[in-house]
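A.B. asks: Structure supplied as structure_17.txt; contents: compact mmCIF, C-alpha atoms.
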# COMPACT_ATOMS: atom_id res chain seq x y z
CA MET A 15 0.00 0.00 0.00
CA LYS A 16 3.01 2.25 -0.39
CA GLN A 17 1.47 4.12 -3.32
CA ILE A 18 -1.66 4.91 -1.28
CA ALA A 19 0.51 6.24 1.53
CA GLU A 20 2.33 8.47 -0.94
CA LEU A 21 -1.00 9.94 -2.01
CA GLN A 22 -2.14 10.54 1.55
CA VAL A 23 0.95 12.38 2.75
CA ALA A 24 0.62 15.07 0.09
CA PRO A 25 0.03 18.42 1.84
CA PRO A 26 -3.49 19.85 1.58
CA ALA A 27 -4.12 22.88 -0.58
CA GLN A 28 -3.31 26.19 1.13
CA PRO A 29 -6.13 28.77 1.19
CA THR A 30 -5.75 31.56 -1.38
CA ARG A 31 -7.89 34.59 -2.15
CA GLY A 32 -8.58 33.51 -5.68
CA ARG A 33 -10.15 30.19 -4.68
CA TRP A 34 -13.64 31.67 -4.31
CA LEU A 35 -13.47 33.24 -7.76
CA VAL A 36 -12.47 29.85 -9.18
CA LEU A 37 -15.39 28.31 -7.33
CA ALA A 38 -17.71 30.96 -8.78
CA VAL A 39 -16.68 29.93 -12.29
CA LEU A 40 -17.25 26.27 -11.44
CA VAL A 41 -20.70 27.08 -10.00
CA ALA A 42 -21.62 29.03 -13.15
CA LEU A 43 -20.40 26.18 -15.34
CA ASN A 44 -22.31 23.60 -13.32
CA LEU A 45 -25.44 25.74 -13.49
CA VAL A 46 -25.43 26.10 -17.26
CA VAL A 47 -24.56 22.49 -18.09
CA TRP A 48 -27.30 21.29 -15.75
CA LEU A 49 -29.72 23.72 -17.38
CA ASP A 50 -28.79 22.06 -20.67
CA GLU A 51 -29.24 18.56 -19.21
CA LEU A 52 -32.40 19.13 -17.16
CA LYS A 53 -34.29 20.88 -19.92
CA PHE A 54 -34.08 17.71 -22.00
CA SER A 55 -36.23 15.75 -19.54
CA GLN A 56 -38.36 18.80 -18.70
CA LEU A 57 -39.22 19.20 -22.38
CA SER A 58 -39.84 15.49 -23.00
CA PRO A 59 -43.63 15.98 -23.30
CA PHE A 60 -42.99 18.39 -26.19
CA TRP A 61 -40.33 16.60 -28.22
CA SER A 62 -41.86 13.16 -27.65
CA SER A 63 -45.17 14.48 -28.95
CA ALA A 64 -43.55 16.21 -31.92
CA LEU A 65 -41.71 13.00 -32.86
CA HIS A 66 -44.79 10.81 -32.17
CA LEU A 67 -43.05 8.63 -29.56
CA ASP A 68 -44.58 6.28 -27.01
CA ALA A 69 -43.31 5.85 -23.42
CA THR A 70 -40.83 3.10 -24.31
CA GLN A 71 -39.28 5.14 -27.14
CA THR A 72 -39.17 8.23 -24.94
CA ALA A 73 -37.39 6.27 -22.20
CA SER A 74 -34.81 5.02 -24.71
CA ILE A 75 -33.98 8.55 -25.81
CA LEU A 76 -34.00 9.95 -22.26
CA SER A 77 -31.44 7.32 -21.27
CA ALA A 78 -29.29 7.71 -24.40
CA TYR A 79 -27.02 10.36 -22.92
CA TYR A 80 -25.88 7.87 -20.29
CA ILE A 81 -24.21 5.86 -23.09
CA GLY A 82 -21.69 8.65 -23.59
CA TYR A 83 -21.81 9.99 -20.05
CA ALA A 84 -20.67 6.85 -18.19
CA PRO A 85 -17.34 6.23 -20.00
CA ALA A 86 -16.64 9.97 -20.17
CA LEU A 87 -16.93 10.23 -16.38
CA LEU A 88 -14.38 7.47 -15.90
CA VAL A 89 -11.90 8.80 -18.48
CA ALA A 90 -12.32 12.42 -17.35
CA GLY A 91 -11.45 11.51 -13.76
CA PHE A 92 -8.10 10.01 -14.73
CA LEU A 93 -7.29 12.77 -17.24
CA ALA A 94 -8.06 15.47 -14.66
CA ASP A 95 -5.71 13.82 -12.15
CA ARG A 96 -3.05 13.30 -14.79
CA PHE A 97 -3.09 16.55 -16.80
CA GLY A 98 -5.20 19.06 -14.86
CA PRO A 99 -8.91 19.88 -15.06
CA ARG A 100 -9.19 23.18 -16.96
CA THR A 101 -8.83 21.84 -20.51
CA LEU A 102 -11.46 19.18 -19.91
CA LEU A 103 -13.88 21.77 -18.53
CA ILE A 104 -13.43 23.97 -21.60
CA VAL A 105 -14.13 21.01 -23.89
CA ALA A 106 -17.20 20.15 -21.82
CA ALA A 107 -18.70 23.64 -21.89
CA GLY A 108 -18.04 24.06 -25.61
CA GLY A 109 -19.51 20.69 -26.54
CA VAL A 110 -22.63 21.07 -24.41
CA THR A 111 -23.34 24.51 -25.88
CA ALA A 112 -22.82 23.37 -29.48
CA LEU A 113 -25.03 20.30 -29.12
CA SER A 114 -27.84 22.30 -27.54
CA VAL A 115 -27.83 24.71 -30.46
CA ALA A 116 -27.70 21.75 -32.86
CA MET A 117 -31.09 20.63 -31.56
CA VAL A 118 -32.73 22.86 -34.19
CA ALA A 119 -31.57 20.35 -36.83
CA VAL A 120 -33.03 17.26 -35.10
CA THR A 121 -36.09 15.93 -36.90
CA THR A 122 -36.20 12.18 -36.20
CA ALA A 123 -36.12 9.85 -33.19
CA GLY A 124 -32.80 8.38 -34.37
CA GLU A 125 -31.17 11.80 -34.60
CA MET A 126 -32.50 12.67 -31.15
CA PHE A 127 -31.07 9.45 -29.70
CA TRP A 128 -27.55 9.98 -31.05
CA ARG A 129 -27.53 13.69 -30.27
CA ASN A 130 -28.31 12.83 -26.66
CA ALA A 131 -25.66 10.10 -26.56
CA VAL A 132 -22.94 12.48 -27.80
CA PHE A 133 -24.19 15.17 -25.42
CA GLY A 134 -23.48 12.73 -22.59
CA VAL A 135 -19.79 12.58 -23.52
CA PHE A 136 -19.31 16.33 -23.09
CA PHE A 137 -21.52 16.41 -20.01
CA GLY A 138 -19.29 13.73 -18.50
CA PHE A 139 -16.23 15.98 -18.70
CA VAL A 140 -17.64 18.30 -16.01
CA TRP A 141 -18.04 16.29 -12.82
CA ALA A 142 -14.66 14.74 -11.96
CA PRO A 143 -12.54 17.65 -13.31
CA SER A 144 -14.60 20.09 -11.22
CA ASN A 145 -14.01 17.97 -8.13
CA ARG A 146 -10.28 17.86 -8.90
CA MET A 147 -10.26 21.64 -9.35
CA ILE A 148 -11.86 22.02 -5.91
CA ALA A 149 -9.28 19.65 -4.43
CA ASN A 150 -6.49 21.75 -5.99
CA TRP A 151 -7.74 25.06 -4.62
CA PHE A 152 -9.34 24.24 -1.26
CA ASP A 153 -7.99 22.70 1.93
CA ALA A 154 -9.52 19.52 3.30
CA VAL A 155 -12.18 21.02 5.58
CA ASP A 156 -13.33 23.59 3.02
CA ARG A 157 -13.74 20.93 0.33
CA THR A 158 -17.11 19.83 1.70
CA ARG A 159 -18.30 23.43 1.81
CA ALA A 160 -16.91 24.22 -1.64
CA THR A 161 -18.28 21.03 -3.20
CA SER A 162 -21.70 21.71 -1.68
CA ILE A 163 -21.74 25.25 -3.06
CA TRP A 164 -20.67 23.89 -6.46
CA LEU A 165 -23.50 21.35 -6.30
CA ALA A 166 -25.89 24.20 -5.56
CA GLY A 167 -25.47 25.13 -9.22
CA SER A 168 -27.40 22.01 -10.19
CA SER A 169 -30.05 22.81 -7.57
CA VAL A 170 -30.44 26.33 -8.94
CA ALA A 171 -30.73 24.80 -12.41
CA GLY A 172 -33.60 22.69 -11.08
CA VAL A 173 -35.34 25.90 -10.02
CA LEU A 174 -34.66 27.82 -13.22
CA THR A 175 -35.17 25.13 -15.86
CA PRO A 176 -38.98 24.90 -15.69
CA ILE A 177 -39.30 28.69 -15.38
CA ILE A 178 -37.26 29.23 -18.55
CA ALA A 179 -37.80 26.12 -20.65
CA LEU A 180 -41.49 25.27 -20.28
CA PRO A 181 -42.96 28.71 -21.15
CA ILE A 182 -40.63 29.06 -24.16
CA ALA A 183 -41.55 25.57 -25.36
CA LYS A 184 -45.26 26.18 -24.98
CA HIS A 185 -45.43 29.70 -26.44
CA VAL A 186 -42.56 29.61 -28.98
CA SER A 187 -41.09 26.15 -29.62
CA TRP A 188 -39.14 23.47 -27.78
CA GLN A 189 -36.20 24.00 -30.16
CA ALA A 190 -36.08 27.69 -29.19
CA ALA A 191 -35.85 26.67 -25.52
CA PHE A 192 -32.70 24.64 -26.28
CA VAL A 193 -31.03 27.48 -28.17
CA ILE A 194 -31.83 30.22 -25.66
CA ILE A 195 -30.59 28.19 -22.70
CA ALA A 196 -27.42 27.28 -24.62
CA ILE A 197 -26.62 30.96 -25.14
CA ILE A 198 -26.85 31.52 -21.37
CA GLY A 199 -23.82 29.25 -20.95
CA VAL A 200 -21.43 31.21 -23.18
CA PRO A 201 -20.06 33.55 -20.43
CA ALA A 202 -19.06 30.57 -18.26
CA LEU A 203 -17.22 29.06 -21.22
CA ILE A 204 -15.30 32.30 -21.79
CA ALA A 205 -14.41 32.57 -18.09
CA LEU A 206 -12.82 29.12 -18.13
CA PHE A 207 -10.00 30.35 -20.36
CA TRP A 208 -8.81 32.58 -17.49
CA THR A 209 -9.31 29.97 -14.75
CA PRO A 210 -6.07 28.12 -13.87
CA SER A 211 -5.99 24.53 -12.67
CA PHE A 212 -3.73 25.42 -9.73
CA PRO A 213 -3.33 28.45 -7.45
CA LYS A 214 -0.95 31.20 -8.51
CA GLY A 215 2.65 30.37 -7.73
CA HIS A 216 2.06 26.64 -7.73
CA VAL A 217 4.27 24.87 -10.24
CA PRO A 218 2.72 21.53 -11.25
CA GLN A 219 5.06 18.68 -10.39
CA ALA A 220 5.10 14.96 -10.90
CA ALA A 221 3.72 14.61 -7.36
CA ASP A 222 0.52 16.38 -8.48
CA ARG A 223 -0.20 13.75 -11.10
CA LEU A 224 -1.63 10.35 -10.45
CA THR A 225 0.40 7.51 -11.99
CA LEU A 226 -0.87 4.25 -13.40
CA LYS A 227 0.99 2.42 -10.63
CA GLN A 228 -0.88 4.43 -8.01
CA ILE A 229 -4.18 3.71 -9.73
CA GLY A 230 -3.38 0.03 -9.37
CA ALA A 231 -2.88 0.60 -5.65
CA LEU A 232 -6.26 2.33 -5.43
CA THR A 233 -8.01 -0.80 -6.65
CA LYS A 234 -6.84 -2.63 -3.51
CA THR A 235 -8.82 -0.31 -1.25
CA PRO A 236 -12.06 -2.12 -0.23
CA SER A 237 -13.94 1.05 0.69
CA LEU A 238 -13.36 2.43 -2.82
CA TRP A 239 -15.39 -0.46 -4.21
CA ILE A 240 -18.02 -0.32 -1.48
CA MET A 241 -18.70 3.37 -2.14
CA THR A 242 -18.65 2.73 -5.88
CA ALA A 243 -21.35 0.11 -5.31
CA VAL A 244 -23.33 2.70 -3.34
CA ALA A 245 -23.01 5.12 -6.25
CA LEU A 246 -24.25 2.35 -8.55
CA LEU A 247 -27.41 2.07 -6.45
CA ALA A 248 -27.70 5.87 -6.32
CA GLY A 249 -28.43 5.70 -10.03
CA ALA A 250 -32.03 5.63 -8.78
CA PHE A 251 -31.77 9.44 -8.43
CA ALA A 252 -32.19 9.59 -12.21
CA LEU A 253 -35.73 8.18 -12.04
CA SER A 254 -36.94 11.43 -10.51
CA LEU A 255 -35.37 13.57 -13.23
CA ALA A 256 -36.55 11.31 -16.04
CA TRP A 257 -40.21 10.91 -15.13
CA SER A 258 -41.38 13.83 -12.97
CA SER A 259 -42.17 16.28 -15.79
CA TYR A 260 -43.43 13.52 -18.10
CA GLY A 261 -45.71 12.17 -15.37
CA LEU A 262 -47.16 15.55 -14.41
CA ILE A 263 -47.81 16.85 -17.92
CA THR A 264 -48.49 13.69 -19.94
CA MET A 265 -50.14 11.40 -17.37
CA GLU A 266 -51.71 13.79 -14.90
CA GLY A 267 -52.58 16.40 -17.51
CA VAL A 268 -51.15 19.35 -15.58
CA ASP A 269 -50.74 22.48 -17.71
CA PRO A 270 -47.06 23.19 -18.52
CA ASP A 271 -47.41 26.79 -17.30
CA THR A 272 -48.66 25.48 -13.96
CA VAL A 273 -45.72 23.08 -13.70
CA ALA A 274 -43.38 25.96 -14.57
CA ALA A 275 -44.86 28.01 -11.72
CA ILE A 276 -44.91 25.25 -9.08
CA ALA A 277 -41.79 23.15 -9.80
CA PRO A 278 -39.24 25.83 -8.81
CA LEU A 279 -40.71 25.90 -5.31
CA PHE A 280 -39.36 22.38 -4.81
CA GLY A 281 -35.89 23.58 -5.73
CA VAL A 282 -35.53 26.54 -3.37
CA LEU A 283 -34.88 24.48 -0.22
CA PRO A 284 -32.19 22.29 -1.89
CA VAL A 285 -30.37 25.44 -3.00
CA ILE A 286 -30.38 26.83 0.54
CA PHE A 287 -29.47 23.41 1.93
CA ALA A 288 -26.52 23.02 -0.43
CA PHE A 289 -24.87 26.12 1.01
CA ALA A 290 -25.34 24.80 4.55
CA ASN A 291 -24.36 21.23 3.71
CA GLY A 292 -20.83 21.39 5.09
CA ALA A 293 -21.95 23.05 8.33
CA ILE A 294 -24.67 20.44 8.88
CA LEU A 295 -22.16 17.63 8.37
CA ILE A 296 -19.77 19.09 10.94
CA ARG A 297 -22.18 20.47 13.54
CA VAL A 298 -25.18 18.14 13.41
CA PHE A 299 -23.58 14.87 12.32
CA ARG A 300 -20.26 15.58 14.08
CA GLY A 301 -18.37 15.04 10.84
CA ARG A 302 -19.54 11.43 10.43
CA THR A 303 -19.47 11.25 6.64
CA ASN A 304 -20.80 7.69 6.33
CA LEU A 305 -23.83 8.37 8.52
CA TYR A 306 -24.52 11.63 6.73
CA MET A 307 -24.41 10.13 3.23
CA ALA A 308 -26.54 7.16 4.31
CA THR A 309 -29.13 9.52 5.81
CA GLY A 310 -29.46 11.28 2.46
CA LEU A 311 -30.06 8.01 0.62
CA VAL A 312 -32.71 6.96 3.15
CA LEU A 313 -34.42 10.34 2.80
CA CYS A 314 -34.74 9.94 -0.98
CA ALA A 315 -35.92 6.34 -0.61
CA LEU A 316 -38.69 7.36 1.78
CA GLY A 317 -39.81 10.08 -0.64
CA TYR A 318 -40.04 7.60 -3.51
CA LEU A 319 -41.89 5.01 -1.43
CA ALA A 320 -44.33 7.56 0.00
CA ALA A 321 -45.17 8.80 -3.51
CA SER A 322 -45.78 5.20 -4.59
CA ALA A 323 -47.77 3.96 -1.58
CA LEU A 324 -49.92 6.92 -0.59
CA PRO A 325 -52.90 8.50 -2.42
CA LEU A 326 -51.32 11.89 -2.96
CA GLY A 327 -52.33 14.88 -5.05
CA TRP A 328 -49.92 15.83 -7.80
CA VAL A 329 -48.36 18.71 -5.83
CA VAL A 330 -47.49 16.51 -2.84
CA TRP A 331 -46.40 13.72 -5.22
CA ALA A 332 -43.96 16.08 -6.93
CA PHE A 333 -42.75 17.24 -3.53
CA CYS A 334 -41.95 13.64 -2.49
CA ILE A 335 -40.25 12.80 -5.79
CA LEU A 336 -38.18 15.94 -6.31
CA LEU A 337 -37.25 17.47 -2.94
CA PRO A 338 -35.78 14.44 -1.11
CA MET A 339 -33.79 13.48 -4.21
CA SER A 340 -32.24 16.96 -4.43
CA LEU A 341 -31.34 16.94 -0.75
CA ALA A 342 -29.90 13.42 -0.97
CA ASN A 343 -27.81 14.38 -3.98
CA SER A 344 -26.23 17.25 -2.00
CA MET A 345 -25.68 15.09 1.07
CA PHE A 346 -24.09 12.22 -0.84
CA TYR A 347 -22.03 13.89 -3.55
CA GLY A 348 -21.40 17.03 -1.52
CA THR A 349 -19.62 14.82 1.02
CA LEU A 350 -18.04 12.22 -1.24
CA THR A 351 -15.17 14.47 -2.39
CA ALA A 352 -14.10 15.07 1.22
CA TYR A 353 -14.45 11.34 1.89
CA TRP A 354 -12.15 10.48 -1.04
CA SER A 355 -9.60 13.14 -0.12
CA VAL A 356 -9.14 11.59 3.33
CA LEU A 357 -9.36 7.96 2.25
CA LEU A 358 -7.17 8.19 -0.86
CA GLY A 359 -5.58 11.65 -0.98
CA ALA A 360 -6.45 14.75 -3.00
CA ARG A 361 -4.53 13.58 -6.08
CA ALA A 362 -6.83 10.59 -6.50
CA THR A 363 -10.04 12.57 -6.05
CA GLY A 364 -10.79 12.88 -9.76
CA THR A 365 -10.19 9.20 -10.50
CA ALA A 366 -12.24 7.98 -7.54
CA THR A 367 -15.06 10.38 -8.35
CA GLY A 368 -14.98 9.32 -11.99
CA LEU A 369 -15.22 5.66 -11.04
CA ALA A 370 -18.13 6.22 -8.66
CA THR A 371 -20.10 8.49 -10.97
CA CYS A 372 -19.47 6.16 -13.91
CA ALA A 373 -21.05 3.37 -11.87
CA GLN A 374 -23.99 5.60 -11.03
CA ILE A 375 -24.58 6.55 -14.64
CA VAL A 376 -24.40 2.94 -15.86
CA SER A 377 -27.08 2.15 -13.31
CA ALA A 378 -29.09 5.24 -14.29
CA TYR A 379 -28.97 4.23 -17.95
CA VAL A 380 -30.30 0.76 -17.21
CA LEU A 381 -33.01 2.03 -14.87
CA VAL A 382 -34.28 4.83 -17.11
CA HIS A 383 -34.01 2.77 -20.29
CA PHE A 384 -36.03 -0.16 -18.97
CA SER A 385 -38.38 1.77 -16.69
CA GLY A 386 -40.41 2.85 -19.70
CA GLY A 387 -41.76 -0.70 -19.71
CA TRP A 388 -42.56 -0.79 -15.97
CA PHE A 389 -45.66 1.39 -16.10
CA ASP A 390 -48.71 0.04 -14.26
CA THR A 391 -51.18 0.33 -17.12
CA SER A 392 -54.04 -0.79 -14.89
CA ALA A 393 -53.64 2.39 -12.83
CA THR A 394 -54.50 5.96 -13.73
CA GLY A 395 -52.56 9.21 -13.65
CA LEU A 396 -49.34 9.32 -11.68
CA HIS A 397 -50.00 5.93 -10.09
CA GLN A 398 -48.84 4.37 -13.36
CA LEU A 399 -45.32 5.26 -12.20
CA ASN A 400 -45.57 3.46 -8.85
CA PRO A 401 -43.50 0.38 -9.85
CA ILE A 402 -40.66 2.62 -11.03
CA PHE A 403 -40.31 4.48 -7.75
CA ILE A 404 -40.77 1.39 -5.58
CA VAL A 405 -37.73 -0.12 -7.31
CA GLY A 406 -35.82 3.13 -6.85
CA GLY A 407 -36.67 3.32 -3.15
CA VAL A 408 -35.51 -0.23 -2.45
CA LEU A 409 -32.20 0.31 -4.27
CA LEU A 410 -31.48 3.44 -2.24
CA LEU A 411 -32.16 1.68 1.06
CA VAL A 412 -29.65 -1.02 0.13
CA GLY A 413 -27.15 1.71 -0.77
CA ALA A 414 -27.60 3.34 2.63
CA GLY A 415 -26.74 0.05 4.32
CA LEU A 416 -23.59 -0.38 2.24
CA THR A 417 -22.46 3.16 3.06
CA LEU A 418 -22.33 2.24 6.74
CA LEU A 419 -20.13 -0.77 5.91
CA ALA A 420 -17.41 1.32 4.26
CA LYS A 421 -14.46 2.66 6.24
CA ARG A 422 -15.73 5.24 8.73
CA ILE A 423 -14.29 8.68 8.11
CA THR A 424 -15.00 11.55 10.48
CA ILE A 425 -14.15 15.13 9.54
CA GLN A 426 -13.51 17.28 12.59
CA THR A 427 -10.83 19.94 12.17
CA SER A 428 -8.34 21.06 9.54
CA GLU A 429 -5.51 19.82 11.72
CA HIS A 430 -7.12 16.39 12.00
CA LEU A 431 -7.51 16.15 8.26
CA ALA A 432 -4.00 17.35 7.52
CA ALA A 433 -2.61 14.67 9.81
CA ARG A 434 -4.52 11.96 8.00
CA HIS A 435 -4.00 13.29 4.47
Write the structure described by the file as structure tokens, please.

C.D. replies:
Amino acid sequence: MKQIAELQVAPPAQPTRGRWLVLAVLVALNLVVWLDELKFSQLSPFWSSALHLDATQTASILSAYYIGYAPALLVAGFLADRFGPRTLLIVAAGGVTALSVAMVAVTTAGEMFWRNAVFGVFFGFVWAPSNRMIANWFDAVDRTRATSIWLAGSSVAGVLTPIIALPIAKHVSWQAAFVIIAIIGVPALIALFWTPSFPKGHVPQAADRLTLKQIGALTKTPSLWIMTAVALLAGAFALSLAWSSYGLITMEGVDPDTVAAIAPLFGVLPVIFAFANGAILIRVFRGRTNLYMATGLVLCALGYLAASALPLGWVVWAFCILLPMSLANSMFYGTLTAYWSVLLGARATGTATGLATCAQIVSAYVLVHFSGGWFDTSATGLHQLNPIFIVGGVLLLVGAGLTLLAKRITIQTSEHLAARH
């Protein structure tokens, strides 16, 4: 385990003034790429109707981006650890923007499928490089706070997407919604060219780069595989994103303008929570990362199961499907970077994150792709989706149990973390 030890003794990043500006760029980037991703599922009632697709065909297209996303996550993690994250982030932002604009040329189900698959490749270049950038710029304690704030970008996107996309799609066209949202992301792309991978004065050395030999050592860490298995089960998060808008508009018959007005309300609390995520971990859970991540998974599972088992109105149903998932996403992934940095060292953060998120996306692809055939056709309205969310709830409960089996890591003080790094 010598190579693991070499990773762990690397000194943590020293605080610098510019780190919050770097984080602001990462938040902006995360916001715009998630706007691009979330609008695809939000607008599924429109493009599926325009292309005359049934639920099974719609599910196949919704899941197509996972085909490119999963391998890109894995490759991007290693490349970010090996060569630095900025270049990958520029490629990601440019590709996502171009493919969103290209939606105006899509006229068939086949074109939509492959456009979404290629989109997944560029989308996959965001997650692990962003986590590596945070590890480069922030010390160990601040990584949870910084990662949580970065994740808030996706929560804000959840608030803004229906407000922007649904009215444009209804009153102009769904293609116009793609183009307009893509243009919003251009400033973040430009800012990336002036965002360095390392703090000023830091000269990248061989010690900053993960070697293939060290990656081999990582594979001998049991908790890496346990948490990767948890991420695999956390693919159930995707069920909420894939079917919430489709269920409300297509199955329940809710007017898109009404969904646009109500849906953002479910995203306000996750945004606020994301900024407090690090403080809650330290002060309420006493830094117990395993317990905290497991609690998030249980919370999402209970939301899914409540929506499936109880006779709820569509507003409460949406609350149970969307809010717990958003909170669980912040609790799990907002903490995972800090968990990796203590378990494996900052230099392996990108690779470990890439492996875990790749596992999640493989699972998400399978779940979303096949869930189009799980509808309960004997039921009416939103109850047709009950089997989908029962499966998702059970998977998340199993994931919570596995989280508690992984090596226990407690984050207490910066000195404690530095000693264990």

A.B. asks: So how many Å separate atom CA of Ala196 of chain A and atom CA of Thr111 of chain A, to one decimal?

C.D. replies: 5.1 Å

A.B. asks: Contacts of Ala332 of chain A at 10 Å or less, counting only C-alpha atoms, minus same-chain residues fewer than 3 places along, as a ChimeraX atom specification?

C.D. replies: /A:254,258-259,261-262,273,276-277,280,317-318,321,326-329,335-337,396

A.B. asks: Quick one, how far is atom CA of Trp151 of chain A from atom CA of Pro213 of chain A?

C.D. replies: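 So the two atoms, atom CA of Trp151 of chain A and atom CA of Pro213 of chain A, lie 6.2 Å apart.
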
A.B. asks: Please determine, counting all atoms listed in the file, which residue among A:Gly249, A:Gly32, A:Gly134, A:Gly167 has the shortest atom-to-atom distance to Gln374 of chain A.

C.D. replies: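 Counting all atoms listed in the file, the residue closest to Gln374 of chain A is A:Gly249.
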
A.B. asks: When distances are computed from all atoms listed in the file, which of A:Arg96, A:Tyr260, A:Leu45, A:Val244 shows the smallest separation from Ser63 of chain A?

C.D. replies: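 Nearest candidate to Ser63 of chain A out of A:Arg96, A:Tyr260, A:Leu45, A:Val244: A:Tyr260.
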
A.B. asks: Identify the residues within 12 Å of coordinate (-34.3, 10.1, 4.2) (same frame as the file), considering all atoms listed in the file, and give the answer as a ChimeraX atom specification.

C.D. replies: /A:305-320,334-335,337-343,345-346,407,410-411,414

A.B. asks: Give the answer as one residue: which of A:Val268, A:Leu88, A:Ile81, A:Leu295 has the shortest atom-to-atom distance to Ala366 of chain A, using all atoms listed in the file?

C.D. replies: A:Leu88

A.B. asks: List the neighbours of Ala64 of chain A out to 12 Å using only C-alpha atoms; skip same-chain residues closer than 2 positions along the sequence, and give me the result as a ChimeraX atom specification.

C.D. replies: /A:57-62,66-68,72,120-123,126,183,187-189

A.B. asks: Smallest atom-to-atom distance to Val408 of chain A: which of A:Val105, A:Leu43, A:Ser168, A:Ser322, using only C-alpha atoms?

C.D. replies: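 Going through A:Val105, A:Leu43, A:Ser168, A:Ser322 one by one, the smallest distance to Val408 of chain A is for A:Ser322.
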
A.B. asks: I want to know what sits within 9 Å of Ala179 of chain A, based on only C-alpha atoms, with residues of the same chain fewer than 2 positions away left out; could you give that as a ChimeraX atom specification?

C.D. replies: /A:53,56-57,174-177,181-184,188,190-192,194-195,274

A.B. asks: What is the distance between atom CA of Arg157 of chain A and atom CA of Asn145 of chain A, in Å to one decimal?

C.D. replies: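 Straight-line distance from atom CA of Arg157 of chain A to atom CA of Asn145 of chain A works out to 9.0 Å.
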
A.B. asks: For Thr303 of chain A, which of A:Ala245, A:Leu206, A:Val193, A:Ile423 is the closest residue, counting all atoms listed in the file?

C.D. replies: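 When distances to Thr303 of chain A are compared using all atoms listed in the file, the smallest one comes from A:Ile423.
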
A.B. asks: Of the candidates A:Ile104, A:Ala171, A:Leu93, A:Ala69, which shows the shortest atom-to-atom distance to Asp50 of chain A, using all atoms listed in the file?

C.D. replies: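 Comparing A:Ile104, A:Ala171, A:Leu93, A:Ala69 against Asp50 of chain A, the winner is A:Ala171.
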
A.B. asks: Please provide the set of residues having any atom within 9 Å of Pro210 of chain A, restricted to all atoms listed in the file, with same-chain residues fewer than 5 positions apart removed, written as a PyMOL selection string.

C.D. replies: chain A and resi 36+99-100+147

A.B. asks: Please dump the current selection as an mmCIF file, in the coordinates of the input; keep C-alpha atoms.

C.D. replies:
data_model
loop_
_atom_site.group_PDB
_atom_site.id
_atom_site.type_symbol
_atom_site.label_atom_id
_atom_site.label_comp_id
_atom_site.auth_asym_id
_atom_site.auth_seq_id
_atom_site.Cartn_x
_atom_site.Cartn_y
_atom_site.Cartn_z
ATOM 1 C CA VAL A 36 -12.470 29.850 -9.180
ATOM 2 C CA PRO A 99 -8.910 19.880 -15.060
ATOM 3 C CA ARG A 100 -9.190 23.180 -16.960
ATOM 4 C CA MET A 147 -10.260 21.640 -9.350
#

A.B. asks: As a short mmCIF file (atom, residue, chain, number, x, y, z; two decimals) with C-alpha atoms, keeping the file's coordinate frame, please: the residues near Ser144 of chain A (cut-off 9 Å, all atoms listed in the file, same-chain neighbours under 5 positions excluded).

C.D. replies:
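out.cif was written with the following content:
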data_model
loop_
_atom_site.label_atom_id
_atom_site.label_comp_id
_atom_site.auth_asym_id
_atom_site.auth_seq_id
_atom_site.Cartn_x
_atom_site.Cartn_y
_atom_site.Cartn_z
CA LEU A 40 -17.25 26.27 -11.44
CA ASN A 44 -22.31 23.60 -13.32
CA ALA A 94 -8.06 15.47 -14.66
CA PRO A 99 -8.91 19.88 -15.06
CA ARG A 100 -9.19 23.18 -16.96
CA LEU A 103 -13.88 21.77 -18.53
CA PHE A 139 -16.23 15.98 -18.70
CA ALA A 149 -9.28 19.65 -4.43
CA THR A 161 -18.28 21.03 -3.20
CA TRP A 164 -20.67 23.89 -6.46
CA GLY A 364 -10.79 12.88 -9.76
#

A.B. asks: Starting from the block above, write segment 48-64 of chain A out to a file with C-alpha atoms, as a JSON list (two decimals), in the first residue's frame, please.

C.D. replies:
[["chain", "number", "residue", "atom", "x", "y", "z"],
["A", 48, "TRP", "CA", -27.30, 21.29, -15.75],
["A", 49, "LEU", "CA", -29.72, 23.72, -17.38],
["A", 50, "ASP", "CA", -28.79, 22.06, -20.67],
["A", 51, "GLU", "CA", -29.24, 18.56, -19.21],
["A", 52, "LEU", "CA", -32.40, 19.13, -17.16],
["A", 53, "LYS", "CA", -34.29, 20.88, -19.92],
["A", 54, "PHE", "CA", -34.08, 17.71, -22.00],
["A", 55, "SER", "CA", -36.23, 15.75, -19.54],
["A", 56, "GLN", "CA", -38.36, 18.80, -18.70],
["A", 57, "LEU", "CA", -39.22, 19.20, -22.38],
["A", 58, "SER", "CA", -39.84, 15.49, -23.00],
["A", 59, "PRO", "CA", -43.63, 15.98, -23.30],
["A", 60, "PHE", "CA", -42.99, 18.39, -26.19],
["A", 61, "TRP", "CA", -40.33, 16.60, -28.22],
["A", 62, "SER", "CA", -41.86, 13.16, -27.65],
["A", 63, "SER", "CA", -45.17, 14.48, -28.95],
["A", 64, "ALA", "CA", -43.55, 16.21, -31.92]]
